[in-house]
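Participant: To be precise about what I am sending: the file is called input_34.cif and holds mmCIF, C-alpha atoms (C1' of nucleotides).
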data_input
loop_
_atom_site.label_atom_id
_atom_site.label_comp_id
_atom_site.auth_asym_id
_atom_site.auth_seq_id
_atom_site.Cartn_x
_atom_site.Cartn_y
_atom_site.Cartn_z
CA MET H 1128 70.20 27.42 18.58
CA ASN H 1129 67.76 28.86 16.09
CA GLU H 1130 64.21 27.87 15.30
CA ASP H 1131 63.97 29.36 11.86
CA LEU H 1132 62.72 26.70 9.50
CA PHE H 1133 64.61 27.90 6.46
CA LYS H 1134 67.83 28.37 8.39
CA CYS H 1135 67.50 24.87 9.64
CA LEU H 1136 66.88 23.49 6.17
CA SER H 1137 69.60 25.59 4.62
CA ASP H 1138 72.30 23.21 5.73
CA LEU H 1139 72.96 20.42 3.27
CA ASN H 1140 73.90 17.85 5.89
CA ARG H 1141 70.69 18.47 7.76
CA ARG H 1142 68.70 17.97 4.58
CA ARG H 1143 70.67 14.81 3.87
CA ILE H 1144 69.77 13.59 7.32
CA LEU H 1145 66.09 14.23 6.69
CA TYR H 1146 66.23 12.44 3.36
CA CYS H 1147 68.12 9.59 4.97
CA ILE H 1148 65.49 9.16 7.63
CA GLY H 1149 62.66 9.69 5.20
CA GLY H 1150 59.57 7.74 6.21
CA GLN H 1151 61.40 5.41 8.56
CA GLU H 1152 62.77 5.67 12.03
CA MET H 1153 66.52 5.72 12.51
CA CYS H 1154 69.03 5.85 15.29
CA VAL H 1155 71.99 8.20 15.31
CA ASN H 1156 74.49 5.50 14.49
CA SER H 1157 72.66 4.32 11.40
CA ILE H 1158 72.34 7.83 10.08
CA SER H 1159 75.97 8.45 10.81
CA GLU H 1160 77.04 5.33 8.91
CA CYS H 1161 74.60 5.86 6.11
CA LEU H 1162 75.84 9.37 5.39
CA GLU H 1163 79.42 8.82 6.46
CA LEU H 1164 79.27 11.67 8.88
CA GLU H 1165 80.78 11.78 12.35
CA GLN H 1166 78.48 10.69 15.13
CA SER H 1167 78.83 13.93 17.00
CA LEU H 1168 78.12 15.96 13.92
CA VAL H 1169 74.95 14.04 13.27
CA SER H 1170 73.98 14.47 16.87
CA HIS H 1171 74.48 18.21 16.70
CA HIS H 1172 72.41 18.45 13.57
CA LEU H 1173 69.67 16.25 14.94
CA LYS H 1174 69.47 18.55 17.89
CA GLU H 1175 68.78 21.50 15.63
CA LEU H 1176 66.27 19.56 13.61
CA TYR H 1177 64.63 18.58 16.86
CA THR H 1178 64.60 22.13 18.15
CA CYS H 1179 62.83 23.19 14.98
CA GLY H 1180 60.35 20.39 15.41
CA LEU H 1181 61.35 18.77 12.15
CA VAL H 1182 62.10 15.45 13.81
CA THR H 1183 60.83 13.62 16.85
CA ARG H 1184 62.85 11.47 19.17
CA GLU H 1185 62.10 8.31 21.08
CA ARG H 1186 64.44 6.45 23.34
CA ARG H 1187 64.30 2.67 23.31
CA GLY H 1188 67.07 0.95 25.17
CA LYS H 1189 70.42 2.46 24.46
CA LYS H 1190 69.30 3.92 21.21
CA ASN H 1191 67.55 7.09 20.28
CA TYR H 1192 65.21 6.74 17.37
CA TYR H 1193 64.51 9.76 15.25
CA LYS H 1194 61.85 10.24 12.69
CA VAL H 1195 60.55 13.05 10.56
CA SER H 1196 57.77 14.70 12.49
CA GLN H 1197 55.34 15.34 9.64
CA LYS H 1198 54.83 14.25 6.09
CA GLN H 1199 54.71 17.94 5.15
CA VAL H 1200 58.39 18.25 5.95
CA MET H 1201 59.34 15.89 3.16
CA ASP H 1202 56.74 17.52 0.94
CA LEU H 1203 58.38 20.87 1.44
CA LEU H 1204 61.77 19.43 0.57
CA GLU H 1205 60.27 17.89 -2.53
CA ASN H 1206 58.58 21.11 -3.59
CA ALA H 1207 61.76 23.03 -3.08
CA LYS H 1208 63.69 20.52 -5.12
CA GLU H 1209 61.24 20.78 -7.99
CA LEU H 1210 61.25 24.53 -7.83
CA GLY H 1211 65.02 24.53 -7.78
CA ASP H 1212 65.14 22.38 -10.89
CA SER H 1213 62.58 24.52 -12.58
CA LEU H 1214 64.58 27.65 -11.83
CA LYS H 1215 67.74 26.10 -13.22
CA VAL H 1216 66.01 25.11 -16.44
CA CYS H 1217 64.58 28.58 -16.88
CA LYS H 1218 67.97 30.17 -16.51
CA SER H 1219 69.48 28.04 -19.28
CA ASP H 1220 66.91 29.32 -21.77
CA MET J 433 77.63 33.60 -4.41
CA ASN J 434 75.61 30.47 -3.82
CA GLU J 435 72.77 28.95 -5.81
CA ASP J 436 71.30 26.88 -3.05
CA LEU J 437 67.61 27.62 -2.85
CA PHE J 438 67.26 27.07 0.89
CA LYS J 439 70.37 29.08 1.65
CA CYS J 440 68.94 31.88 -0.39
CA LEU J 441 65.60 31.72 1.37
CA SER J 442 67.16 31.34 4.78
CA ASP J 443 67.85 35.04 5.06
CA LEU J 444 64.99 37.00 6.52
CA ASN J 445 65.66 40.15 4.54
CA ARG J 446 65.63 38.23 1.31
CA ARG J 447 62.30 36.70 2.22
CA ARG J 448 61.00 40.13 3.16
CA ILE J 449 62.08 41.37 -0.24
CA LEU J 450 60.22 38.56 -1.96
CA TYR J 451 57.09 39.25 0.07
CA CYS J 452 57.45 42.93 -0.64
CA ILE J 453 57.63 42.36 -4.36
CA GLY J 454 54.90 39.73 -4.26
CA GLY J 455 52.95 39.67 -7.49
CA GLN J 456 54.04 43.10 -8.66
CA GLU J 457 57.12 44.51 -10.21
CA MET J 458 59.33 46.77 -8.17
CA CYS J 459 62.48 48.79 -8.53
CA VAL J 460 65.29 48.72 -6.03
CA ASN J 461 64.46 52.09 -4.57
CA SER J 462 60.86 51.20 -3.81
CA ILE J 463 61.87 47.99 -2.13
CA SER J 464 64.50 49.81 -0.19
CA GLU J 465 62.01 52.41 1.03
CA CYS J 466 59.27 49.92 1.65
CA LEU J 467 61.43 47.77 3.87
CA GLU J 468 63.59 50.53 5.26
CA LEU J 469 66.75 48.79 4.17
CA GLU J 470 69.82 50.40 2.67
CA GLN J 471 69.87 50.54 -1.09
CA SER J 472 73.11 48.66 -1.35
CA LEU J 473 71.90 45.96 0.97
CA VAL J 474 68.78 45.44 -1.11
CA SER J 475 70.90 45.37 -4.21
CA HIS J 476 73.18 42.72 -2.77
CA HIS J 477 70.23 40.60 -1.78
CA LEU J 478 68.51 41.03 -5.11
CA LYS J 479 71.65 39.81 -6.75
CA GLU J 480 71.52 36.60 -4.79
CA LEU J 481 67.84 36.16 -5.45
CA TYR J 482 68.60 36.72 -9.10
CA THR J 483 71.47 34.25 -9.09
CA CYS J 484 69.13 31.65 -7.66
CA GLY J 485 66.56 32.46 -10.30
CA LEU J 486 64.02 33.54 -7.74
CA VAL J 487 63.56 36.94 -9.33
CA THR J 488 63.84 38.34 -12.81
CA ARG J 489 65.13 41.74 -13.76
CA GLU J 490 64.21 44.18 -16.45
CA ARG J 491 65.82 47.50 -17.11
CA ARG J 492 63.60 50.38 -18.18
CA GLY J 493 65.23 53.74 -18.22
CA LYS J 494 67.30 54.33 -15.17
CA LYS J 495 65.41 51.82 -13.15
CA ASN J 496 65.72 48.11 -12.74
CA TYR J 497 62.44 46.35 -12.24
CA TYR J 498 62.43 43.12 -10.35
CA LYS J 499 59.71 40.58 -10.06
CA VAL J 500 59.29 37.14 -8.59
CA SER J 501 60.08 34.67 -11.34
CA GLN J 502 57.40 32.09 -10.63
CA LYS J 503 54.24 31.80 -8.64
CA GLN J 504 55.70 28.65 -7.08
CA VAL J 505 58.25 30.75 -5.24
CA MET J 506 55.57 32.44 -3.20
CA ASP J 507 53.79 29.11 -2.82
CA LEU J 508 56.88 27.61 -1.31
CA LEU J 509 57.18 30.49 1.13
CA GLU J 510 53.56 30.02 2.05
CA ASN J 511 53.94 26.27 2.56
CA ALA J 512 56.99 26.80 4.70
CA LYS J 513 55.17 29.33 6.78
CA GLU J 514 52.29 26.96 7.38
CA LEU J 515 54.61 24.13 8.21
CA GLY J 516 56.52 26.36 10.59
CA ASP J 517 53.33 27.29 12.39
CA SER J 518 52.23 23.70 12.52
CA LEU J 519 55.54 22.65 14.04
CA LYS J 520 55.30 25.33 16.69
CA VAL J 521 51.81 24.26 17.65
CA CYS J 522 52.82 20.64 17.93
CA LYS J 523 55.65 21.47 20.28
CA SER J 524 53.40 23.31 22.71
CA ASP J 525 51.25 20.20 23.20
"C1'" DC P 829 79.94 66.34 -22.15
"C1'" DG P 830 78.76 67.05 -17.43
"C1'" DT P 831 75.34 66.38 -13.93
"C1'" DT P 832 71.93 63.85 -11.66
"C1'" DC P 833 69.47 59.85 -10.60
"C1'" DA P 834 69.24 54.65 -9.94
"C1'" DT P 835 71.65 50.78 -9.15
"C1'" DA P 836 75.71 47.72 -8.76
"C1'" DT P 837 80.04 46.35 -6.89
"C1'" DG P 838 84.13 45.49 -3.87
"C1'" DA P 839 86.40 45.39 0.27
"C1'" DA P 840 86.26 45.11 5.23
"C1'" DG P 841 84.43 44.14 9.68
"C1'" DG P 842 81.67 41.56 12.46
"C1'" DA P 843 78.32 38.04 13.53
"C1'" DG P 844 76.86 33.64 13.10
"C1'" DT P 845 77.39 28.71 11.96
"C1'" DA P 846 79.57 24.01 10.83
"C1'" DT P 847 82.76 20.87 12.15
"C1'" DT P 848 85.99 18.49 15.05
"C1'" DC P 849 87.87 16.74 19.28
"C1'" DA P 850 87.55 15.42 23.86
"C1'" DT P 851 84.62 14.14 27.27
"C1'" DA P 852 80.20 13.52 29.77
"C1'" DT P 853 75.80 11.28 30.28
"C1'" DG P 854 72.79 7.54 30.21
"C1'" DT P 855 71.54 2.58 29.39
"C1'" DT P 856 72.12 -2.39 29.33
"C1'" DG P 857 74.06 -6.65 30.73
"C1'" DT P 858 77.35 -9.16 33.71
"C1'" DA O 481 79.33 -1.64 40.68
"C1'" DC O 482 81.76 -2.10 36.30
"C1'" DA O 483 82.37 -2.45 31.36
"C1'" DA O 484 80.67 -1.57 26.87
"C1'" DC O 485 77.75 0.68 23.93
"C1'" DA O 486 74.96 4.76 22.10
"C1'" DT O 487 74.38 9.34 22.19
"C1'" DA O 488 74.88 14.13 23.87
"C1'" DT O 489 77.47 18.13 25.04
"C1'" DG O 490 80.99 21.90 25.33
"C1'" DA O 491 84.74 24.34 23.77
"C1'" DA O 492 87.60 25.70 20.07
"C1'" DT O 493 88.54 26.40 15.33
"C1'" DA O 494 87.53 27.48 10.80
"C1'" DC O 495 84.51 29.08 7.69
"C1'" DT O 496 80.60 31.45 5.65
"C1'" DC O 497 77.54 35.07 5.35
"C1'" DC O 498 75.32 39.75 6.40
"C1'" DT O 499 75.92 44.32 6.57
"C1'" DT O 500 78.09 48.76 5.88
"C1'" DC O 501 80.81 52.14 3.57
"C1'" DA O 502 82.87 54.05 -0.29
"C1'" DT O 503 82.93 54.08 -4.97
"C1'" DA O 504 81.90 52.59 -9.76
"C1'" DT O 505 78.74 51.97 -13.55
"C1'" DG O 506 75.10 53.20 -16.50
"C1'" DA O 507 71.16 55.88 -18.22
"C1'" DA O 508 68.65 60.20 -19.20
"C1'" DC O 509 68.65 64.96 -20.03
"C1'" DG O 510 69.89 69.78 -20.37
#
The structure in this file should be written as structure tokens.
Facilitator:
Amino acid sequence: MNEDLFKCLSDLNRRRILYCIGGQEMCVNSISECLELEQSLVSHHLKELYTCGLVTRERRGKKNYYKVSQKQVMDLLENAKELGDSLKVCKSD
Amino acid sequence: MNEDLFKCLSDLNRRRILYCIGGQEMCVNSISECLELEQSLVSHHLKELYTCGLVTRERRGKKNYYKVSQKQVMDLLENAKELGDSLKVCKSD
DNA sequence: CGTTCATATGAAGGAGTATTCATATGTTGT
DNA sequence: ACAACATATGAATACTCCTTCATATGAACG
């Protein structure tokens, strides 16, 4: 279990999970359905995201609710996306 | 060879290379010496950075000069670093 | 043209990581 | 206490990636 931010964000499914959660609060099941990923896979990934501090967790009843820990997390994803696009465009010149 | 930005940045040596180059322009040898990494390793990494568009390359004489393609690349690294620190701090609360 | 310097490339080994499956843990309601 | 639900965990497999070594390519220069 690593804590490297970039390593954690380098996995597409983990980024999809973050995007899926976005500003809300979601339980494992919902994420799993939303992304059509196995429950246990989502759980594994959430654990890594949690270890990195990218998401927080709160138990209410049977469910575990996850949310993105800081706005800056989504900002970073957004910045990276823009940069990525910009790099692609530059290469096609 | 992948083009995923996060994957590319997830490797520590590649990030070290980017930091090493910074605002300047550097040839493979200098980077290799500066970071104490094998020439061929640096070359492999530079290739990936190049594939992702994170660095540009210019041949002058025998040497290949690399530089970071956009200021935003270093900005992203900086943002990620800050976020990483912030996440660590929050966890120790 | 052959040698030297600078870098690139390919293959191979090894380390690390994602995914799946089976099962365990924990919670609620009866 | 038991059943049903929600999630977590561990082990095993498969896959990807980093690194190294050996060698190839390309440029300058005598």
Participant: Report as a list of chain:residue names all protein, DNA and RNA residues lying within 9 Å of O:DA507, evaluated on only C-alpha atoms (C1' of nucleotides), omitting residues in the same chain fewer than 3 positions from it.
Facilitator: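 Selected residues are J:Gly493, J:Lys494, J:Lys495, P:DC833, P:DA834.
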Participant: Could you tell me, as a PyMOL selection string, exactly which residues end up selected when the PyMOL selection byres ((chain O and resi 495) around 10) is applied to this structure?
Facilitator: (chain P and resi 845-847) or (chain O and resi 493-494+496-497)
Participant: Using all atoms listed in the file, what table do you get, as CSV, when you list each residue of chain P with an atom no more than 12 Å from chain J, its nearest pair of atoms, and their distance in Å rounded to one decimal, rows by chain then rising number?
Facilitator:
residue,atom,partner,partner_atom,distance
P:DT832,C1',J:Lys494,CA,11.2
P:DC833,C1',J:Lys494,CA,7.5
P:DA834,C1',J:Lys494,CA,5.6
P:DT835,C1',J:Ser475,CA,7.4
P:DA836,C1',J:Ser475,CA,7.0
P:DT837,C1',J:His476,CA,8.8
P:DG838,C1',J:His476,CA,11.3
Participant: Tell me which of H:Arg1186, H:Ile1148, H:Leu1139, H:Phe1133 sits closest to chain O, counting only C-alpha atoms (C1' of nucleotides).
Facilitator: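 Among H:Arg1186, H:Ile1148, H:Leu1139, H:Phe1133, it is H:Arg1186 that comes nearest to chain O.
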Participant: For chain J, which residues have at least one atom within 7 Å of chain H, if we go by all atoms listed in the file? Write them as number ranges by chain, please.
Facilitator: J: 437-439, 441-442, 485, 504, 508, 512, 515-516, 519, 523
Participant: Provide the atom C1' of P:DT853 to atom CA of H:Leu1145 distance in Å, to one decimal place.
Facilitator: 25.7 Å
Participant: Per residue of chain O within 12 Å of chain H, which atom pair is closest and at what distance in Å (one decimal), using all atoms listed in the file, listed by chain and increasing number, as a tab-separated table?
Facilitator:
residue	atom	partner	partner_atom	distance
O:DA484	C1'	H:Lys1189	CA	11.3
O:DC485	C1'	H:Lys1189	CA	7.6
O:DA486	C1'	H:Lys1189	CA	5.6
O:DT487	C1'	H:Val1155	CA	7.4
O:DA488	C1'	H:Ser1170	CA	7.1
O:DT489	C1'	H:His1171	CA	8.9
O:DG490	C1'	H:His1171	CA	11.4
O:DT496	C1'	H:Asp1138	CA	11.7
